[in-house]
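Trainee: Structure: coords13.cif, mmCIF, C-alpha atoms.
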data_upload
#
loop_
_atom_site.label_atom_id
_atom_site.label_comp_id
_atom_site.auth_asym_id
_atom_site.auth_seq_id
_atom_site.Cartn_x
_atom_site.Cartn_y
_atom_site.Cartn_z
CA MET A 10 109.24 81.41 118.86
CA ASP A 11 111.01 79.57 121.70
CA GLY A 12 114.31 80.68 120.19
CA ALA A 13 113.84 83.99 121.94
CA ASN A 14 114.19 82.21 125.32
CA HIS A 15 117.76 81.11 124.47
CA SER A 16 118.86 84.57 123.34
CA VAL A 17 119.97 87.68 125.15
CA VAL A 18 118.41 89.72 122.34
CA SER A 19 114.63 90.03 122.67
CA GLU A 20 114.15 92.79 120.08
CA PHE A 21 115.87 94.14 116.99
CA VAL A 22 116.58 97.71 115.96
CA PHE A 23 116.01 98.84 112.38
CA LEU A 24 118.49 101.38 111.02
CA GLY A 25 115.80 102.42 108.55
CA LEU A 26 116.07 104.00 105.13
CA SER A 27 117.85 107.25 106.00
CA ASN A 28 119.20 109.26 108.93
CA SER A 29 117.92 112.55 107.51
CA TRP A 30 114.67 113.69 109.13
CA THR A 31 113.61 115.56 105.97
CA ILE A 32 114.12 112.48 103.80
CA GLN A 33 112.24 110.34 106.33
CA VAL A 34 109.24 112.70 106.22
CA LEU A 35 109.27 112.63 102.41
CA LEU A 36 109.53 108.84 102.45
CA PHE A 37 106.67 108.72 104.95
CA LEU A 38 104.39 110.71 102.61
CA PHE A 39 105.56 108.75 99.55
CA SER A 40 105.04 105.38 101.26
CA CYS A 41 101.63 106.36 102.64
CA VAL A 42 100.37 107.37 99.19
CA PHE A 43 101.59 104.22 97.45
CA TYR A 44 100.54 101.89 100.27
CA MET A 45 97.00 103.29 100.33
CA ALA A 46 96.89 103.16 96.52
CA SER A 47 98.05 99.51 96.65
CA LEU A 48 95.36 98.63 99.17
CA LEU A 49 92.59 100.40 97.25
CA GLY A 50 93.68 99.13 93.82
CA ASN A 51 94.02 95.49 94.83
CA PHE A 52 90.90 95.54 96.98
CA LEU A 53 88.96 97.04 94.06
CA ILE A 54 90.11 94.21 91.78
CA VAL A 55 89.08 91.56 94.33
CA LEU A 56 85.71 93.25 94.86
CA THR A 57 85.09 93.73 91.12
CA VAL A 58 85.91 90.13 90.19
CA THR A 59 83.88 88.60 93.02
CA SER A 60 80.82 90.79 92.41
CA ASP A 61 80.64 91.06 88.60
CA PRO A 62 79.06 88.04 86.81
CA HIS A 63 80.84 89.00 83.56
CA LEU A 64 84.23 88.24 85.15
CA GLN A 65 83.53 84.70 86.34
CA SER A 66 86.33 83.11 84.31
CA PRO A 67 89.59 81.37 85.31
CA MET A 68 91.76 84.34 84.28
CA TYR A 69 89.93 86.77 86.57
CA PHE A 70 89.75 84.21 89.38
CA LEU A 71 93.56 83.95 89.33
CA LEU A 72 93.91 87.73 88.99
CA ALA A 73 91.72 88.33 92.05
CA ASN A 74 93.84 85.91 94.06
CA LEU A 75 97.01 87.66 92.88
CA SER A 76 95.58 90.95 94.16
CA PHE A 77 94.65 89.29 97.45
CA LEU A 78 98.26 88.09 97.81
CA ASP A 79 99.52 91.60 97.04
CA LEU A 80 97.29 92.94 99.82
CA ILE A 81 98.92 90.57 102.30
CA PHE A 82 102.43 91.06 100.91
CA CYS A 83 102.48 94.86 101.14
CA SER A 84 100.75 94.78 104.55
CA SER A 85 103.42 92.47 106.01
CA THR A 86 106.11 95.19 105.90
CA ALA A 87 104.72 98.58 104.80
CA PRO A 88 102.63 99.53 107.90
CA LYS A 89 105.55 98.91 110.26
CA MET A 90 107.92 100.77 107.94
CA ILE A 91 105.57 103.77 107.65
CA TYR A 92 105.10 103.86 111.43
CA ASP A 93 108.87 103.71 112.02
CA LEU A 94 109.65 106.52 109.59
CA LEU A 95 108.44 109.04 112.17
CA ARG A 96 110.21 107.34 115.09
CA ARG A 97 113.82 107.75 116.12
CA HIS A 98 114.04 104.38 117.85
CA LYS A 99 112.79 101.74 115.39
CA THR A 100 112.40 98.37 117.10
CA ILE A 101 110.64 95.07 116.53
CA SER A 102 110.27 92.11 118.89
CA PHE A 103 111.84 88.72 118.16
CA GLY A 104 108.38 87.24 117.54
CA GLY A 105 107.40 90.15 115.31
CA CYS A 106 110.56 89.66 113.26
CA ILE A 107 109.89 85.95 112.79
CA THR A 108 106.28 86.73 111.82
CA GLN A 109 107.41 89.21 109.16
CA ILE A 110 109.86 86.70 107.69
CA PHE A 111 107.18 83.99 107.63
CA PHE A 112 104.62 86.11 105.73
CA ILE A 113 107.18 87.56 103.30
CA HIS A 114 108.39 84.12 102.22
CA ALA A 115 105.02 82.33 102.41
CA VAL A 116 103.19 84.96 100.35
CA GLY A 117 106.17 85.50 98.03
CA GLY A 118 106.47 81.76 97.32
CA THR A 119 102.71 81.47 96.78
CA GLU A 120 102.72 84.41 94.36
CA MET A 121 105.51 82.85 92.29
CA LEU A 122 103.46 79.68 91.79
CA LEU A 123 100.31 81.68 91.08
CA LEU A 124 102.11 83.64 88.35
CA ILE A 125 103.12 80.32 86.77
CA ALA A 126 99.46 79.20 86.93
CA MET A 127 98.46 82.48 85.24
CA ALA A 128 101.04 81.84 82.51
CA PHE A 129 99.52 78.37 81.94
CA ASP A 130 96.08 79.99 81.79
CA ARG A 131 97.33 82.38 79.07
CA TYR A 132 98.86 79.46 77.15
CA VAL A 133 95.55 77.56 77.12
CA ALA A 134 93.55 80.71 76.22
CA ILE A 135 95.85 81.63 73.30
CA CYS A 136 96.99 78.26 71.96
CA ARG A 137 93.98 76.04 72.78
CA PRO A 138 90.98 78.39 72.97
CA LEU A 139 88.40 75.76 72.04
CA HIS A 140 89.40 73.63 75.04
CA TYR A 141 89.91 76.54 77.43
CA LEU A 142 86.90 76.01 79.70
CA THR A 143 87.50 72.25 79.78
CA ILE A 144 91.17 72.49 80.71
CA MET A 145 90.85 75.50 83.04
CA SER A 146 87.88 74.14 84.97
CA PRO A 147 86.91 75.66 88.35
CA GLN A 148 88.28 72.56 90.09
CA LYS A 149 91.65 72.95 88.38
CA CYS A 150 91.81 76.66 89.27
CA ILE A 151 91.17 75.87 92.93
CA LEU A 152 93.80 73.12 92.73
CA PHE A 153 96.33 75.62 91.35
CA LEU A 154 95.53 77.98 94.20
CA VAL A 155 95.73 75.33 96.94
CA VAL A 156 99.03 73.93 95.60
CA SER A 157 100.48 77.46 95.40
CA TRP A 158 99.57 78.16 99.04
CA ILE A 159 100.91 74.79 100.23
CA ILE A 160 104.25 75.21 98.44
CA GLY A 161 104.56 78.82 99.66
CA PHE A 162 103.86 77.68 103.23
CA ILE A 163 106.38 74.83 102.99
CA HIS A 164 109.02 77.14 101.50
CA SER A 165 108.63 79.59 104.38
CA VAL A 166 108.45 77.04 107.19
CA THR A 167 111.45 74.99 105.98
CA GLN A 168 113.62 78.10 106.14
CA LEU A 169 112.34 79.24 109.53
CA ILE A 170 112.90 75.80 111.08
CA PHE A 171 116.66 76.30 110.72
CA VAL A 172 116.78 79.87 112.06
CA VAL A 173 114.11 80.21 114.74
CA ASP A 174 116.29 78.60 117.43
CA LEU A 175 119.50 80.46 116.59
CA PRO A 176 121.06 82.23 119.62
CA PHE A 177 121.21 86.04 119.46
CA CYS A 178 123.45 87.79 121.97
CA GLY A 179 124.15 91.08 120.17
CA PRO A 180 124.49 93.22 118.19
CA ASN A 181 120.80 93.55 117.36
CA GLU A 182 120.80 96.18 114.57
CA LEU A 183 119.29 95.36 111.17
CA ASP A 184 120.37 97.69 108.36
CA SER A 185 116.91 97.63 106.84
CA PHE A 186 113.30 98.65 107.52
CA PHE A 187 111.97 95.10 107.82
CA CYS A 188 113.20 91.64 108.90
CA ASP A 189 114.81 89.95 105.94
CA LEU A 190 116.25 86.49 106.41
CA PRO A 191 119.88 87.00 105.22
CA ARG A 192 120.50 89.98 107.54
CA PHE A 193 118.61 88.31 110.39
CA ILE A 194 120.86 85.23 110.23
CA LYS A 195 124.05 87.31 110.26
CA LEU A 196 123.18 88.62 113.75
CA ALA A 197 123.31 85.15 115.32
CA CYS A 198 126.11 84.34 117.79
CA VAL A 199 127.23 81.24 115.87
CA ASP A 200 128.84 80.65 112.49
CA THR A 201 125.96 80.85 110.00
CA TYR A 202 127.87 80.88 106.70
CA THR A 203 126.52 77.50 105.59
CA LEU A 204 123.00 78.30 106.77
CA GLY A 205 123.07 81.73 105.11
CA PHE A 206 124.27 80.18 101.85
CA MET A 207 121.49 77.58 102.00
CA VAL A 208 118.79 80.21 102.64
CA THR A 209 120.08 82.51 99.88
CA ALA A 210 120.49 79.63 97.44
CA ASN A 211 116.99 78.33 98.26
CA SER A 212 115.20 81.65 97.72
CA GLY A 213 117.46 82.61 94.81
CA PHE A 214 117.00 79.27 93.04
CA ILE A 215 113.21 79.39 93.42
CA SER A 216 113.11 82.99 92.14
CA VAL A 217 115.39 82.37 89.15
CA ALA A 218 113.75 79.04 88.25
CA SER A 219 110.23 80.52 88.41
CA PHE A 220 111.32 83.57 86.38
CA LEU A 221 112.91 81.40 83.67
CA ILE A 222 109.84 79.13 83.52
CA LEU A 223 107.59 82.17 83.05
CA ILE A 224 109.77 83.81 80.39
CA MET A 225 110.24 80.52 78.50
CA SER A 226 106.49 79.88 78.62
CA CYS A 227 105.83 83.30 77.07
CA ILE A 228 108.42 82.64 74.34
CA PHE A 229 106.86 79.22 73.67
CA ILE A 230 103.39 80.76 73.38
CA LEU A 231 104.64 83.39 70.90
CA MET A 232 106.50 80.78 68.81
CA THR A 233 103.38 78.58 68.73
CA VAL A 234 101.14 81.48 67.71
CA GLN A 235 103.59 82.77 65.08
CA LYS A 236 103.13 79.59 63.07
CA LYS A 237 99.42 80.38 62.68
CA SER A 238 99.30 84.04 61.59
CA LEU A 239 100.80 87.46 62.25
CA GLY A 240 97.41 88.70 63.40
CA SER A 241 97.32 86.04 66.09
CA LEU A 242 100.89 86.95 67.10
CA SER A 243 99.94 90.60 67.55
CA LYS A 244 96.95 89.66 69.70
CA ALA A 245 99.08 87.25 71.77
CA LEU A 246 101.69 89.96 72.35
CA SER A 247 99.00 92.32 73.59
CA THR A 248 97.58 89.65 75.91
CA LEU A 249 100.96 88.59 77.32
CA SER A 250 102.52 92.05 77.71
CA ALA A 251 100.73 92.83 80.98
CA HIS A 252 101.70 89.47 82.47
CA VAL A 253 105.34 89.87 81.40
CA MET A 254 105.53 93.35 82.94
CA VAL A 255 104.17 92.05 86.26
CA VAL A 256 106.63 89.12 86.21
CA ILE A 257 109.62 91.44 85.63
CA LEU A 258 108.49 93.86 88.35
CA PHE A 259 108.00 91.03 90.85
CA PHE A 260 111.10 88.95 90.13
CA GLY A 261 113.58 91.70 89.22
CA PRO A 262 114.20 92.98 92.79
CA LEU A 263 114.06 89.44 94.26
CA ILE A 264 116.67 88.01 91.89
CA PHE A 265 118.99 90.98 92.40
CA PHE A 266 118.58 90.81 96.19
CA TYR A 267 119.36 87.09 96.48
CA MET A 268 121.70 86.47 93.54
CA TRP A 269 123.86 89.60 93.25
CA PRO A 270 127.22 88.65 94.86
CA PHE A 271 128.15 92.17 96.05
CA PRO A 272 125.49 93.61 98.41
CA ILE A 273 124.95 97.35 98.06
CA SER A 274 123.09 98.64 101.11
CA HIS A 275 121.39 101.68 99.56
CA LEU A 276 120.38 99.82 96.40
CA ASP A 277 119.08 96.87 98.44
CA LYS A 278 116.94 99.25 100.50
CA PHE A 279 115.58 100.96 97.38
CA LEU A 280 114.66 97.61 95.80
CA ALA A 281 113.09 96.45 99.06
CA LEU A 282 111.03 99.66 99.22
CA PHE A 283 110.06 99.21 95.56
CA ASP A 284 108.99 95.61 96.24
CA ALA A 285 107.10 96.54 99.42
CA VAL A 286 104.90 99.43 98.25
CA ILE A 287 105.36 100.17 94.52
CA THR A 288 105.10 96.71 92.91
CA PRO A 289 101.77 95.87 94.66
CA PHE A 290 100.48 99.23 93.38
CA LEU A 291 101.68 98.71 89.80
CA ASN A 292 100.16 95.21 89.46
CA PRO A 293 96.50 96.38 89.54
CA VAL A 294 97.36 99.40 87.38
CA ILE A 295 98.98 97.24 84.69
CA TYR A 296 96.20 94.65 84.62
CA THR A 297 93.30 97.13 84.68
CA LEU A 298 94.67 99.65 82.18
CA ARG A 299 95.28 96.92 79.59
CA ASN A 300 92.04 95.02 80.15
CA LYS A 301 88.83 96.42 78.66
CA ALA A 302 86.56 93.94 80.46
CA MET A 303 88.07 94.88 83.83
CA LYS A 304 87.67 98.61 83.15
CA LEU A 305 84.04 98.15 82.13
CA ALA A 306 83.36 96.04 85.22
CA MET A 307 84.89 98.70 87.48
CA ARG A 308 82.71 101.36 85.85
CA ARG A 309 79.64 99.22 86.46
CA LEU A 310 80.67 98.75 90.08
CA CYS A 311 81.19 102.50 90.54
CA SER A 312 77.82 103.22 88.93
CA GLN A 313 76.11 100.74 91.26
CA PHE A 314 77.82 102.34 94.25
CA ILE A 315 76.79 105.86 93.18
CA ASN A 316 73.18 104.78 92.51
CA TYR A 317 73.03 103.02 95.88
CA ASN A 318 74.21 106.19 97.65
CA LYS A 319 71.62 108.28 95.80
CA MET A 320 68.82 105.89 96.79
CA SER A 321 69.90 105.85 100.44
#
Could you write out this file's structure as C-alpha cells?
Mentor:
Amino acid sequence: MDGANHSVVSEFVFLGLSNSWTIQVLLFLFSCVFYMASLLGNFLIVLTVTSDPHLQSPMYFLLANLSFLDLIFCSSTAPKMIYDLLRRHKTISFGGCITQIFFIHAVGGTEMLLLIAMAFDRYVAICRPLHYLTIMSPQKCILFLVVSWIIGFIHSVTQLIFVVDLPFCGPNELDSFFCDLPRFIKLACVDTYTLGFMVTANSGFISVASFLILIMSCIFILMTVQKKSLGSLSKALSTLSAHVMVVILFFGPLIFFYMWPFPISHLDKFLALFDAVITPFLNPVIYTLRNKAMKLAMRRLCSQFINYNKMS
C-alpha cells in the first residue's frame, strides 16, 4: 500500500457500465437480484452441507468450499458496483483498488485449483468407486483445500508485488466497474508493456492450463468408462455434466478477457458483469438442480426451519 505515497493519484474513477441513467437503474435492479440470489444460493449450499449428516462426503465438502469461494468472489466486486450504479462520481481509493485486485486473483486462483480437485474426486468416484473413501480421505480433502488456498494466495501476491509500487500521476480513469489488473497497470506513469504482458500471460496461462486439464480429465473419465459399458457411460455423462457446465461458465469469460488479442470494451464489461454476479448464481443452481441428494437435504433443512418457527 506504500505505493500510494509515491503517486499523485490517491483514488481512481470508474467510468462504469453505461452513461445512460435509465440503463444504470436497470442494471442496478438486475445486479441486486442476481447478487442477492448468489449470496442466498451459495450460503444455502454451505449451510446444507455442514448441517446435514447425509452429505458428509468428499464431493459435498468440496462443493461447499466452492460455494464459499463464490460468496467471497462475488462480494469482492458486486457490492461496490451496485453502490456506484446510482452515483454519478464513481471512485475508489488506491488501497481499495489494490484490495479488490488481491481478492479477485486470490479467490479466482483458489477456485481454479478447487475445480481441478473436484474433477479428481469425480474421476475416483466413477472409475475407482471401491477405493473412493480410501483415496478421497478427509485428510486428503483438507490437503486439496489448503494447497488451493496457498497457490491462489501466491498467484495474487506475486502479481501485486510488481504493481503495488508503480507511480500513478494521472489520468486516473478506469473504463470498468472494478479494479482489474491490466487496466490498472496501464494508468502508471512508466512504461509497463513488459509488466502488462507478464501479468496477462500469467493469468491467461493459468486459466487456459487449468481449463485444458479439466476438459482432458473429463474426456479421460468418459473414455475409461466407455470401455466398461454404455450404461456406465450414460451415468458418467450425467455426473460430469454439471461440473463441465460450471467449468465452462467460470473459465469462458476469464480466457476471453486475458487471451483475446483485440480488447472490446463493451464485451469485456459484459463478461466482467457476467463473471461478477451471474456465474456465482448459476453454480449453486446447476449443482442443486442436477443433484437429488442435495435437493432432498435442502427440503429437510427447510422443513426443520419451518418446524422450529412453529415451535417458537
Trainee: With the file shown as input, list the residues that the PyMOL selection byres ((chain A and resi 86) around 9) selects, as a tab-separated table (two decimals) with C-alpha atoms, in the frame of the given file.
Mentor:
chain	number	residue	atom	x	y	z
A	82	PHE	CA	102.43	91.06	100.91
A	83	CYS	CA	102.48	94.86	101.14
A	84	SER	CA	100.75	94.78	104.55
A	85	SER	CA	103.42	92.47	106.01
A	87	ALA	CA	104.72	98.58	104.80
A	88	PRO	CA	102.63	99.53	107.90
A	89	LYS	CA	105.55	98.91	110.26
A	90	MET	CA	107.92	100.77	107.94
A	91	ILE	CA	105.57	103.77	107.65
A	109	GLN	CA	107.41	89.21	109.16
A	113	ILE	CA	107.18	87.56	103.30
A	186	PHE	CA	113.30	98.65	107.52
A	187	PHE	CA	111.97	95.10	107.82
A	188	CYS	CA	113.20	91.64	108.90
A	285	ALA	CA	107.10	96.54	99.42
A	286	VAL	CA	104.90	99.43	98.25
Trainee: Nearest to Gly25 (chain A) among A:Ile125, A:Ala134, A:Leu139, A:Leu95, with distances taken over only C-alpha atoms: which residue is it?
Mentor: A:Leu95
Trainee: Which residues, named as in the file, does the PyMOL selection byres ((chain A and resi 147-155) around 10) pick out? Answer as an MDAnalysis selection string.
Mentor: chainID A and resid 65:68 70:71 74:75 119:120 122:123 125:127 130 142:146 156:161
Trainee: Would you mind exporting C-alpha atoms of the selected residues as a PDB file, keeping the file's coordinate frame?
Mentor:
ATOM      1  CA  GLN A  65      83.530  84.700  86.340  1.00  0.00           C
ATOM      2  CA  SER A  66      86.330  83.110  84.310  1.00  0.00           C
ATOM      3  CA  PRO A  67      89.590  81.370  85.310  1.00  0.00           C
ATOM      4  CA  MET A  68      91.760  84.340  84.280  1.00  0.00           C
ATOM      5  CA  PHE A  70      89.750  84.210  89.380  1.00  0.00           C
ATOM      6  CA  LEU A  71      93.560  83.950  89.330  1.00  0.00           C
ATOM      7  CA  ASN A  74      93.840  85.910  94.060  1.00  0.00           C
ATOM      8  CA  LEU A  75      97.010  87.660  92.880  1.00  0.00           C
ATOM      9  CA  THR A 119     102.710  81.470  96.780  1.00  0.00           C
ATOM     10  CA  GLU A 120     102.720  84.410  94.360  1.00  0.00           C
ATOM     11  CA  LEU A 122     103.460  79.680  91.790  1.00  0.00           C
ATOM     12  CA  LEU A 123     100.310  81.680  91.080  1.00  0.00           C
ATOM     13  CA  ILE A 125     103.120  80.320  86.770  1.00  0.00           C
ATOM     14  CA  ALA A 126      99.460  79.200  86.930  1.00  0.00           C
ATOM     15  CA  MET A 127      98.460  82.480  85.240  1.00  0.00           C
ATOM     16  CA  ASP A 130      96.080  79.990  81.790  1.00  0.00           C
ATOM     17  CA  LEU A 142      86.900  76.010  79.700  1.00  0.00           C
ATOM     18  CA  THR A 143      87.500  72.250  79.780  1.00  0.00           C
ATOM     19  CA  ILE A 144      91.170  72.490  80.710  1.00  0.00           C
ATOM     20  CA  MET A 145      90.850  75.500  83.040  1.00  0.00           C
ATOM     21  CA  SER A 146      87.880  74.140  84.970  1.00  0.00           C
ATOM     22  CA  VAL A 156      99.030  73.930  95.600  1.00  0.00           C
ATOM     23  CA  SER A 157     100.480  77.460  95.400  1.00  0.00           C
ATOM     24  CA  TRP A 158      99.570  78.160  99.040  1.00  0.00           C
ATOM     25  CA  ILE A 159     100.910  74.790 100.230  1.00  0.00           C
ATOM     26  CA  ILE A 160     104.250  75.210  98.440  1.00  0.00           C
ATOM     27  CA  GLY A 161     104.560  78.820  99.660  1.00  0.00           C
TER      28      GLY A 161
END
Trainee: Hey, can you check how far CA of Trp30 (chain A) sits from CA of Leu263 (chain A)?
Mentor: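 Result for CA of Trp30 (chain A) versus CA of Leu263 (chain A): 28.5 Å, one decimal.
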Trainee: Counting all atoms listed in the file, which residues of region 81-194 of chain A sit at most 9 Å from some atom of region 202-214 of chain A, and what is each one's closest atom pair with its distance in Å to one decimal, listed by chain and rising residue number, as CSV?
Mentor:
residue,atom,partner,partner_atom,distance
A:His114,CA,A:Ser212,CA,8.5
A:Gly118,CA,A:Ser212,CA,8.7
A:His164,CA,A:Ser212,CA,8.5
A:Gln168,CA,A:Val208,CA,6.6
A:Phe171,CA,A:Leu204,CA,7.7
A:Val172,CA,A:Leu204,CA,8.3
A:Leu190,CA,A:Val208,CA,7.8
A:Pro191,CA,A:Gly205,CA,6.2
A:Arg192,CA,A:Gly205,CA,9.0
A:Ile194,CA,A:Gly205,CA,6.6
Trainee: Please measure the separation of CA of Leu24 (chain A) and CA of Phe290 (chain A), giving the value in Å to one decimal.
Mentor: 25.3 Å
Trainee: Using all atoms listed in the file, what table do you get, as CSV, when you list each residue of region 41-100 of chain A with an atom no more than 12 Å from region 300-312 of chain A, its nearest pair of atoms, and their distance in Å rounded to one decimal, rows by chain then rising number?
Mentor:
residue,atom,partner,partner_atom,distance
A:Gly50,CA,A:Met307,CA,10.8
A:Phe52,CA,A:Met307,CA,11.7
A:Leu53,CA,A:Met307,CA,7.9
A:Ile54,CA,A:Met307,CA,8.1
A:Val55,CA,A:Met307,CA,10.7
A:Leu56,CA,A:Leu310,CA,8.9
A:Thr57,CA,A:Met307,CA,6.2
A:Val58,CA,A:Ala306,CA,8.1
A:Thr59,CA,A:Ala306,CA,10.8
A:Ser60,CA,A:Leu310,CA,8.3
A:Asp61,CA,A:Ala306,CA,6.6
A:Pro62,CA,A:Ala306,CA,9.2
A:His63,CA,A:Ala306,CA,7.7
A:Leu64,CA,A:Ala302,CA,7.7
A:Gln65,CA,A:Ala302,CA,11.4
A:Ser66,CA,A:Ala302,CA,11.5
A:Met68,CA,A:Met303,CA,11.2
A:Tyr69,CA,A:Met303,CA,8.8
A:Leu72,CA,A:Met303,CA,10.6
A:Ala73,CA,A:Met303,CA,11.1
Trainee: Rounded to one decimal in Å, what is the spacing between CA of Ser27 (chain A) and CA of Tyr92 (chain A)?
Mentor: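 Value for the CA of Ser27 (chain A)-CA of Tyr92 (chain A) distance: 14.3 Å.
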Trainee: Identify all residues satisfying the PyMOL selection byres ((chain A and resi 196) around 12) in the given file; provide them as a ChimeraX atom specification.
Mentor: /A:16-18,20-22,172,175-184,188-195,197-202,205
Trainee: Rank nothing, just name the residue among A:Asp93, A:Asp174, A:Asp284, A:Asp277 nearest to Gly117 (chain A), using only C-alpha atoms.
Mentor: A:Asp284
Trainee: May I have the centre and edge lengths, in Å to one decimal, of an axis-aligned box around the listed atoms of region 271-290 of chain A with 6 Å added to every side, as lines of an AutoDock Vina configuration file?
Mentor:
center_x = 114.3
center_y = 96.9
center_z = 97.0
size_x = 39.7
size_y = 21.5
size_z = 20.2
Trainee: Considering only C-alpha atoms, can you say which of A:Asp79, A:Tyr132, A:Ile264, A:Val173 comes closest to Thr108 (chain A)?
Mentor: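 So, comparing all the options, the nearest one is A:Val173.
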Trainee: Taking all atoms listed in the file into account, name the residue in A:Ser185, A:Ala128, A:Val42, A:Leu249 that is nearest to Phe279 (chain A).
Mentor: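 Looking at the shortest contact to Phe279 (chain A), the residue is A:Ser185.
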Trainee: Considering only C-alpha atoms, can you say which of A:Ile230, A:Met320, A:Leu80, A:Ala218 comes closest to Met45 (chain A)?
Mentor: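 Once distances to Met45 (chain A) are computed over only C-alpha atoms, the minimum belongs to A:Leu80.
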Trainee: Considering only C-alpha atoms, can you say which of A:Leu94, A:Ile107, A:Ile224, A:Ile32 comes closest to Val253 (chain A)?
Mentor: A:Ile224
